[in-house]
Amino acid sequence: AIVIDDMGLDMTDSRHAVTLPPAVTLSYMPYATRLREQTKEAREAGHELLLHMPMEPLGAADPGPGALLVGLPPDEIRRRLDTALASFTGQDGVNNHMGSRFTADRSGMEIVIDDLKQRGLFFLDSRTSAQSVGADVARQRGEPYVTRDVFLDDIITPKAVRAQMDAVE
């Protein structure tokens with residue numbers, strides 16, 4: 001599978017991504033502009049949709065509004081996840097935006113995975129950290145999951161992206 005995430009923030013780029021073959025999965029930020037309109041268009045074009053859920057990273061980078069943070073009370077984690085999932089309809093699953101700190105927190109990931117399981121949504125662990133427990137928690141709880149193998153654009157040059165596409169093939 002190929003997933004394009006950070007969708008919805010740049011509406012021009014997002015419109016271009018929607019024209020890609022339907023086999024490409026699109027993952028939308030919950031705080032994007034005109035999100036329901038954008039995701040409806042993507043769904044009608046045949047794309048599988050994910051919620052690109054902001055989660056706490058290591059370091060000082062800002063994951064964005066409504067992010068899941070280590071140390072939040074369980075009810076607040078559930079509320080933030082619910083709010084993000086309500087930002088558009090038709091998601092097939094959720095993947096983490098940033099999240100190297102949050103996805104390494106077992107108690108927080110148990111809350112997320114249990115919620116996704118109840119909703120019938122899968123979890124894609126973007127593996128922003130080798131310490132992520134997302135896949136492990138999902139496996140233990142019988143929740144469908146997948147993990148990222150290759151970042152296509154970790155280095156944003158045509159040559160580097162081609163090399164990563166070769167690795168995928």
# chains A, B, ... in the order shown; residues from 1 in each chain; ligands from 1
$ closest_atom_pairs --of "range 66-105 of chain A" --to "range 133-142 of chain A" --cutoff "8 Å" --atoms "only C-alpha atoms" --output "CSV"
residue,atom,partner,partner_atom,distance
A:Thr103,CA,A:Gly134,CA,5.8
A:Ala104,CA,A:Val133,CA,5.3
A:Asp105,CA,A:Val133,CA,7.1
$ residues_around --residues "range 111-128 of chain A" --least-positions-apart "4" --cutoff "10 Å" --atoms "only C-alpha atoms" --output "PyMOL selection string"
chain A and resi 3+5+50-52+57-58+68+74-75+77-78+81-82+85+91-101+103-104+106-107+132-135+137-139+141-151
$ select_by_dssp --residues "chain A" --states "alpha helix (DSSP H)" --output "PyMOL selection string"
chain A and resi 11-18+35-44+74-85+106-119+134-141+158-168
$ select_by_dssp --residues "range 18-159 of chain A" --states "strand (DSSP E)" --output "tab-separated table (two decimals) with all heavy atoms, in the first residue's frame"
chain	number	residue	atom	x	y	z
A	24	VAL	N	-4.05	4.29	-4.13
A	24	VAL	CA	-3.29	5.12	-3.20
A	24	VAL	C	-4.22	5.56	-2.07
A	24	VAL	O	-5.28	6.14	-2.31
A	24	VAL	CB	-2.69	6.35	-3.91
A	24	VAL	CG1	-1.99	7.27	-2.92
A	24	VAL	CG2	-1.73	5.92	-5.02
A	25	THR	N	-3.84	5.27	-0.85
A	25	THR	CA	-4.61	5.65	0.33
A	25	THR	C	-4.26	7.07	0.74
A	25	THR	O	-3.09	7.47	0.70
A	25	THR	CB	-4.32	4.67	1.49
A	25	THR	OG1	-4.71	3.36	1.09
A	25	THR	CG2	-5.06	5.06	2.75
A	26	LEU	N	-5.27	7.84	1.14
A	26	LEU	CA	-5.08	9.24	1.52
A	26	LEU	C	-5.42	9.42	2.99
A	26	LEU	O	-6.48	8.99	3.45
A	26	LEU	CB	-5.95	10.14	0.65
A	26	LEU	CG	-5.76	9.97	-0.87
A	26	LEU	CD1	-6.75	10.86	-1.62
A	26	LEU	CD2	-4.33	10.25	-1.28
A	27	SER	N	-4.51	10.06	3.72
A	27	SER	CA	-4.68	10.23	5.16
A	27	SER	C	-4.77	11.73	5.49
A	27	SER	O	-3.82	12.48	5.27
A	27	SER	CB	-3.51	9.58	5.91
A	27	SER	OG	-3.75	9.59	7.29
A	28	TYR	N	-5.93	12.13	6.02
A	28	TYR	CA	-6.27	13.54	6.23
A	28	TYR	C	-6.08	13.99	7.66
A	28	TYR	O	-6.48	13.31	8.61
A	28	TYR	CB	-7.72	13.78	5.81
A	28	TYR	CG	-7.91	13.80	4.32
A	28	TYR	CD1	-8.08	12.62	3.61
A	28	TYR	CD2	-7.90	15.00	3.62
A	28	TYR	CE1	-8.24	12.63	2.22
A	28	TYR	CE2	-8.07	15.04	2.24
A	28	TYR	CZ	-8.23	13.84	1.55
A	28	TYR	OH	-8.39	13.86	0.18
A	49	LEU	N	-9.61	6.01	2.91
A	49	LEU	CA	-9.29	7.20	3.70
A	49	LEU	C	-8.84	6.83	5.10
A	49	LEU	O	-9.43	5.94	5.73
A	49	LEU	CB	-10.51	8.11	3.81
A	49	LEU	CG	-11.14	8.60	2.51
A	49	LEU	CD1	-12.33	9.50	2.83
A	49	LEU	CD2	-10.14	9.31	1.63
A	50	LEU	N	-7.85	7.55	5.57
A	50	LEU	CA	-7.39	7.42	6.95
A	50	LEU	C	-7.48	8.78	7.63
A	50	LEU	O	-7.39	9.82	6.99
A	50	LEU	CB	-5.93	6.95	7.02
A	50	LEU	CG	-5.58	5.62	6.37
A	50	LEU	CD1	-4.09	5.35	6.52
A	50	LEU	CD2	-6.39	4.50	6.97
A	51	LEU	N	-7.64	8.73	8.95
A	51	LEU	CA	-7.48	9.91	9.77
A	51	LEU	C	-6.01	9.95	10.17
A	51	LEU	O	-5.47	8.98	10.70
A	51	LEU	CB	-8.35	9.81	11.03
A	51	LEU	CG	-8.06	10.86	12.10
A	51	LEU	CD1	-8.45	12.26	11.62
A	51	LEU	CD2	-8.76	10.51	13.39
A	52	HIS	N	-5.35	11.07	9.89
A	52	HIS	CA	-3.93	11.26	10.26
A	52	HIS	C	-3.91	11.94	11.62
A	52	HIS	O	-3.91	13.16	11.73
A	52	HIS	CB	-3.24	12.09	9.18
A	52	HIS	CG	-1.76	11.99	9.19
A	52	HIS	ND1	-1.07	10.83	9.42
A	52	HIS	CD2	-0.82	12.94	8.97
A	52	HIS	CE1	0.22	11.05	9.34
A	52	HIS	NE2	0.40	12.34	9.08
A	53	MET	N	-3.95	11.14	12.67
A	53	MET	CA	-4.16	11.61	14.03
A	53	MET	C	-2.91	12.23	14.63
A	53	MET	O	-1.89	11.55	14.78
A	53	MET	CB	-4.63	10.44	14.92
A	53	MET	CG	-4.98	10.83	16.32
A	53	MET	SD	-6.45	11.88	16.35
A	53	MET	CE	-6.13	12.87	17.80
A	54	PRO	N	-2.97	13.53	14.99
A	54	PRO	CA	-1.82	14.15	15.63
A	54	PRO	C	-1.51	13.50	16.98
A	54	PRO	O	-2.42	13.29	17.80
A	54	PRO	CB	-2.26	15.61	15.83
A	54	PRO	CG	-3.39	15.81	14.88
A	54	PRO	CD	-4.07	14.46	14.77
A	55	MET	N	-0.24	13.16	17.16
A	55	MET	CA	0.22	12.55	18.41
A	55	MET	C	1.55	13.17	18.81
A	55	MET	O	2.32	13.61	17.96
A	55	MET	CB	0.37	11.04	18.24
A	55	MET	CG	-0.92	10.30	17.97
A	55	MET	SD	-0.63	8.51	17.85
A	55	MET	CE	-2.27	7.95	17.42
A	93	GLY	N	-9.43	3.71	8.66
A	93	GLY	CA	-8.46	3.50	9.73
A	93	GLY	C	-7.84	4.81	10.15
A	93	GLY	O	-8.24	5.89	9.72
A	94	VAL	N	-6.82	4.67	11.00
A	94	VAL	CA	-6.12	5.82	11.58
A	94	VAL	C	-4.63	5.54	11.51
A	94	VAL	O	-4.19	4.42	11.77
A	94	VAL	CB	-6.55	6.02	13.06
A	94	VAL	CG1	-5.69	7.05	13.76
A	94	VAL	CG2	-8.03	6.37	13.15
A	95	ASN	N	-3.86	6.58	11.16
A	95	ASN	CA	-2.41	6.48	11.33
A	95	ASN	C	-1.93	7.70	12.10
A	95	ASN	O	-2.63	8.69	12.21
A	95	ASN	CB	-1.68	6.31	9.99
A	95	ASN	CG	-1.66	7.55	9.12
A	95	ASN	OD1	-2.63	8.29	9.05
A	95	ASN	ND2	-0.55	7.78	8.45
A	96	ASN	N	-0.76	7.57	12.68
A	96	ASN	CA	-0.25	8.63	13.54
A	96	ASN	C	0.48	9.70	12.73
A	96	ASN	O	1.24	9.41	11.82
A	96	ASN	CB	0.66	8.08	14.64
A	96	ASN	CG	1.79	7.22	14.13
A	96	ASN	OD1	1.55	6.13	13.62
A	96	ASN	ND2	3.02	7.67	14.29
A	97	HIS	N	0.19	10.96	13.10
A	97	HIS	CA	0.95	12.12	12.62
A	97	HIS	C	1.95	12.43	13.71
A	97	HIS	O	1.58	12.69	14.85
A	97	HIS	CB	0.01	13.30	12.39
A	97	HIS	CG	0.73	14.58	12.11
A	97	HIS	ND1	1.52	14.75	10.99
A	97	HIS	CD2	0.79	15.75	12.80
A	97	HIS	CE1	2.03	15.97	11.01
A	97	HIS	NE2	1.61	16.59	12.09
A	98	MET	N	3.23	12.38	13.34
A	98	MET	CA	4.31	12.48	14.33
A	98	MET	C	4.13	11.31	15.30
A	98	MET	O	4.02	10.18	14.86
A	98	MET	CB	4.34	13.84	15.01
A	98	MET	CG	4.60	14.98	14.08
A	98	MET	SD	4.80	16.51	15.02
A	98	MET	CE	5.10	17.64	13.69
A	122	PHE	N	-8.97	0.12	11.42
A	122	PHE	CA	-7.64	-0.45	11.64
A	122	PHE	C	-6.65	0.65	12.01
A	122	PHE	O	-6.93	1.84	11.88
A	122	PHE	CB	-7.16	-1.23	10.41
A	122	PHE	CG	-6.82	-0.39	9.20
A	122	PHE	CD1	-5.55	0.13	9.04
A	122	PHE	CD2	-7.76	-0.15	8.22
A	122	PHE	CE1	-5.22	0.89	7.93
A	122	PHE	CE2	-7.46	0.61	7.10
A	122	PHE	CZ	-6.19	1.14	6.96
A	123	PHE	N	-5.47	0.22	12.48
A	123	PHE	CA	-4.41	1.16	12.85
A	123	PHE	C	-3.21	0.94	11.95
A	123	PHE	O	-2.73	-0.19	11.80
A	123	PHE	CB	-4.00	0.98	14.31
A	123	PHE	CG	-2.89	1.90	14.74
A	123	PHE	CD1	-3.09	3.27	14.78
A	123	PHE	CD2	-1.64	1.41	15.09
A	123	PHE	CE1	-2.07	4.13	15.16
A	123	PHE	CE2	-0.61	2.27	15.48
A	123	PHE	CZ	-0.83	3.63	15.51
A	124	LEU	N	-2.73	2.01	11.34
A	124	LEU	CA	-1.48	1.99	10.58
A	124	LEU	C	-0.44	2.70	11.43
A	124	LEU	O	-0.55	3.90	11.68
A	124	LEU	CB	-1.64	2.72	9.24
A	124	LEU	CG	-0.36	3.10	8.51
A	124	LEU	CD1	0.53	1.90	8.23
A	124	LEU	CD2	-0.67	3.86	7.24
A	125	ASP	N	0.54	1.95	11.89
A	125	ASP	CA	1.62	2.53	12.68
A	125	ASP	C	2.65	3.09	11.72
A	125	ASP	O	3.32	2.33	11.01
A	125	ASP	CB	2.23	1.46	13.59
A	125	ASP	CG	3.18	2.05	14.62
A	125	ASP	OD1	3.67	3.18	14.41
A	125	ASP	OD2	3.44	1.37	15.63
A	145	TYR	N	-4.14	-4.21	12.01
A	145	TYR	CA	-3.11	-3.17	11.96
A	145	TYR	C	-2.15	-3.47	10.82
A	145	TYR	O	-2.12	-4.57	10.27
A	145	TYR	CB	-2.32	-3.11	13.28
A	145	TYR	CG	-1.42	-4.31	13.47
A	145	TYR	CD1	-0.08	-4.27	13.07
A	145	TYR	CD2	-1.91	-5.49	14.00
A	145	TYR	CE1	0.72	-5.39	13.21
A	145	TYR	CE2	-1.10	-6.60	14.15
A	145	TYR	CZ	0.21	-6.55	13.75
A	145	TYR	OH	1.01	-7.65	13.88
A	146	VAL	N	-1.39	-2.47	10.48
A	146	VAL	CA	-0.31	-2.60	9.51
A	146	VAL	C	0.77	-1.61	9.95
A	146	VAL	O	0.47	-0.65	10.67
A	146	VAL	CB	-0.82	-2.31	8.07
A	146	VAL	CG1	-1.28	-0.89	7.90
A	146	VAL	CG2	0.21	-2.70	7.03
A	147	THR	N	2.01	-1.87	9.57
A	147	THR	CA	3.09	-0.95	9.92
A	147	THR	C	3.78	-0.46	8.66
A	147	THR	O	3.84	-1.16	7.65
A	147	THR	CB	4.14	-1.62	10.83
A	147	THR	OG1	4.69	-2.74	10.17
A	147	THR	CG2	3.52	-2.04	12.16
$ atom_distance --atom1 "CA of Leu152 in chain A" --atom2 "CA of Glu48 in chain A"
18.7 Å
$ atom_distance --atom1 "CA of Arg36 in chain A" --atom2 "CA of Phe88 in chain A"
5.1 Å
$ decode --residues "range 119-130 of chain A" --atoms "all heavy atoms" --output "PDB file, in the first residue's frame"
ATOM      1  N   ARG A 119     -14.833   0.668  16.885  1.00  0.00           N
ATOM      2  CA  ARG A 119     -15.375   1.364  15.716  1.00  0.00           C
ATOM      3  C   ARG A 119     -15.167   0.579  14.414  1.00  0.00           C
ATOM      4  O   ARG A 119     -15.622   1.017  13.358  1.00  0.00           O
ATOM      5  CB  ARG A 119     -14.715   2.732  15.563  1.00  0.00           C
ATOM      6  CG  ARG A 119     -15.001   3.684  16.703  1.00  0.00           C
ATOM      7  CD  ARG A 119     -14.116   4.924  16.559  1.00  0.00           C
ATOM      8  NE  ARG A 119     -14.167   5.799  17.698  1.00  0.00           N
ATOM      9  CZ  ARG A 119     -14.944   6.874  17.798  1.00  0.00           C
ATOM     10  NH1 ARG A 119     -15.749   7.200  16.813  1.00  0.00           N
ATOM     11  NH2 ARG A 119     -14.901   7.628  18.872  1.00  0.00           N
ATOM     12  N   GLY A 120     -14.429  -0.524  14.494  1.00  0.00           N
ATOM     13  CA  GLY A 120     -14.161  -1.306  13.286  1.00  0.00           C
ATOM     14  C   GLY A 120     -13.144  -0.650  12.355  1.00  0.00           C
ATOM     15  O   GLY A 120     -13.175  -0.853  11.144  1.00  0.00           O
ATOM     16  N   LEU A 121     -12.224   0.132  12.919  1.00  0.00           N
ATOM     17  CA  LEU A 121     -11.186   0.807  12.150  1.00  0.00           C
ATOM     18  C   LEU A 121      -9.827   0.163  12.424  1.00  0.00           C
ATOM     19  O   LEU A 121      -9.565  -0.263  13.546  1.00  0.00           O
ATOM     20  CB  LEU A 121     -11.119   2.290  12.528  1.00  0.00           C
ATOM     21  CG  LEU A 121     -12.390   3.104  12.330  1.00  0.00           C
ATOM     22  CD1 LEU A 121     -12.217   4.506  12.907  1.00  0.00           C
ATOM     23  CD2 LEU A 121     -12.758   3.167  10.861  1.00  0.00           C
ATOM     24  N   PHE A 122      -8.969   0.122  11.420  1.00  0.00           N
ATOM     25  CA  PHE A 122      -7.636  -0.452  11.636  1.00  0.00           C
ATOM     26  C   PHE A 122      -6.648   0.646  12.013  1.00  0.00           C
ATOM     27  O   PHE A 122      -6.926   1.840  11.880  1.00  0.00           O
ATOM     28  CB  PHE A 122      -7.162  -1.234  10.409  1.00  0.00           C
ATOM     29  CG  PHE A 122      -6.823  -0.391   9.201  1.00  0.00           C
ATOM     30  CD1 PHE A 122      -5.546   0.131   9.037  1.00  0.00           C
ATOM     31  CD2 PHE A 122      -7.761  -0.151   8.217  1.00  0.00           C
ATOM     32  CE1 PHE A 122      -5.225   0.894   7.930  1.00  0.00           C
ATOM     33  CE2 PHE A 122      -7.460   0.607   7.099  1.00  0.00           C
ATOM     34  CZ  PHE A 122      -6.185   1.141   6.961  1.00  0.00           C
ATOM     35  N   PHE A 123      -5.471   0.224  12.477  1.00  0.00           N
ATOM     36  CA  PHE A 123      -4.407   1.158  12.849  1.00  0.00           C
ATOM     37  C   PHE A 123      -3.208   0.939  11.946  1.00  0.00           C
ATOM     38  O   PHE A 123      -2.729  -0.186  11.802  1.00  0.00           O
ATOM     39  CB  PHE A 123      -3.997   0.982  14.309  1.00  0.00           C
ATOM     40  CG  PHE A 123      -2.887   1.903  14.740  1.00  0.00           C
ATOM     41  CD1 PHE A 123      -3.093   3.273  14.782  1.00  0.00           C
ATOM     42  CD2 PHE A 123      -1.642   1.408  15.086  1.00  0.00           C
ATOM     43  CE1 PHE A 123      -2.069   4.130  15.159  1.00  0.00           C
ATOM     44  CE2 PHE A 123      -0.613   2.266  15.478  1.00  0.00           C
ATOM     45  CZ  PHE A 123      -0.827   3.632  15.510  1.00  0.00           C
ATOM     46  N   LEU A 124      -2.727   2.010  11.336  1.00  0.00           N
ATOM     47  CA  LEU A 124      -1.483   1.993  10.578  1.00  0.00           C
ATOM     48  C   LEU A 124      -0.443   2.703  11.425  1.00  0.00           C
ATOM     49  O   LEU A 124      -0.550   3.902  11.679  1.00  0.00           O
ATOM     50  CB  LEU A 124      -1.644   2.715   9.237  1.00  0.00           C
ATOM     51  CG  LEU A 124      -0.355   3.104   8.512  1.00  0.00           C
ATOM     52  CD1 LEU A 124       0.529   1.904   8.230  1.00  0.00           C
ATOM     53  CD2 LEU A 124      -0.668   3.861   7.238  1.00  0.00           C
ATOM     54  N   ASP A 125       0.540   1.947  11.886  1.00  0.00           N
ATOM     55  CA  ASP A 125       1.620   2.527  12.682  1.00  0.00           C
ATOM     56  C   ASP A 125       2.648   3.087  11.718  1.00  0.00           C
ATOM     57  O   ASP A 125       3.324   2.334  11.010  1.00  0.00           O
ATOM     58  CB  ASP A 125       2.233   1.464  13.588  1.00  0.00           C
ATOM     59  CG  ASP A 125       3.182   2.047  14.617  1.00  0.00           C
ATOM     60  OD1 ASP A 125       3.673   3.182  14.412  1.00  0.00           O
ATOM     61  OD2 ASP A 125       3.442   1.371  15.628  1.00  0.00           O
ATOM     62  N   SER A 126       2.776   4.406  11.687  1.00  0.00           N
ATOM     63  CA  SER A 126       3.727   5.056  10.788  1.00  0.00           C
ATOM     64  C   SER A 126       5.172   4.809  11.199  1.00  0.00           C
ATOM     65  O   SER A 126       6.092   5.146  10.456  1.00  0.00           O
ATOM     66  CB  SER A 126       3.454   6.567  10.734  1.00  0.00           C
ATOM     67  OG  SER A 126       2.166   6.807  10.219  1.00  0.00           O
ATOM     68  N   ARG A 127       5.365   4.223  12.362  1.00  0.00           N
ATOM     69  CA  ARG A 127       6.693   3.854  12.861  1.00  0.00           C
ATOM     70  C   ARG A 127       7.655   5.039  12.820  1.00  0.00           C
ATOM     71  O   ARG A 127       8.747   4.964  12.267  1.00  0.00           O
ATOM     72  CB  ARG A 127       7.277   2.676  12.084  1.00  0.00           C
ATOM     73  CG  ARG A 127       6.472   1.407  12.114  1.00  0.00           C
ATOM     74  CD  ARG A 127       6.582   0.567  13.336  1.00  0.00           C
ATOM     75  NE  ARG A 127       7.953   0.215  13.649  1.00  0.00           N
ATOM     76  CZ  ARG A 127       8.338  -0.149  14.859  1.00  0.00           C
ATOM     77  NH1 ARG A 127       7.466  -0.231  15.832  1.00  0.00           N
ATOM     78  NH2 ARG A 127       9.586  -0.440  15.116  1.00  0.00           N
ATOM     79  N   THR A 128       7.214   6.135  13.445  1.00  0.00           N
ATOM     80  CA  THR A 128       8.084   7.298  13.546  1.00  0.00           C
ATOM     81  C   THR A 128       9.168   7.074  14.599  1.00  0.00           C
ATOM     82  O   THR A 128      10.066   7.887  14.734  1.00  0.00           O
ATOM     83  CB  THR A 128       7.263   8.559  13.900  1.00  0.00           C
ATOM     84  OG1 THR A 128       6.521   8.317  15.084  1.00  0.00           O
ATOM     85  CG2 THR A 128       6.334   8.928  12.753  1.00  0.00           C
ATOM     86  N   SER A 129       9.079   5.963  15.315  1.00  0.00           N
ATOM     87  CA  SER A 129      10.065   5.594  16.323  1.00  0.00           C
ATOM     88  C   SER A 129      10.134   4.078  16.422  1.00  0.00           C
ATOM     89  O   SER A 129       9.106   3.395  16.374  1.00  0.00           O
ATOM     90  CB  SER A 129       9.664   6.173  17.687  1.00  0.00           C
ATOM     91  OG  SER A 129      10.382   5.557  18.726  1.00  0.00           O
ATOM     92  N   ALA A 130      11.334   3.565  16.585  1.00  0.00           N
ATOM     93  CA  ALA A 130      11.505   2.126  16.780  1.00  0.00           C
ATOM     94  C   ALA A 130      10.898   1.678  18.108  1.00  0.00           C
ATOM     95  O   ALA A 130      10.661   0.488  18.313  1.00  0.00           O
ATOM     96  CB  ALA A 130      12.984   1.761  16.729  1.00  0.00           C
TER      97      ALA A 130
END
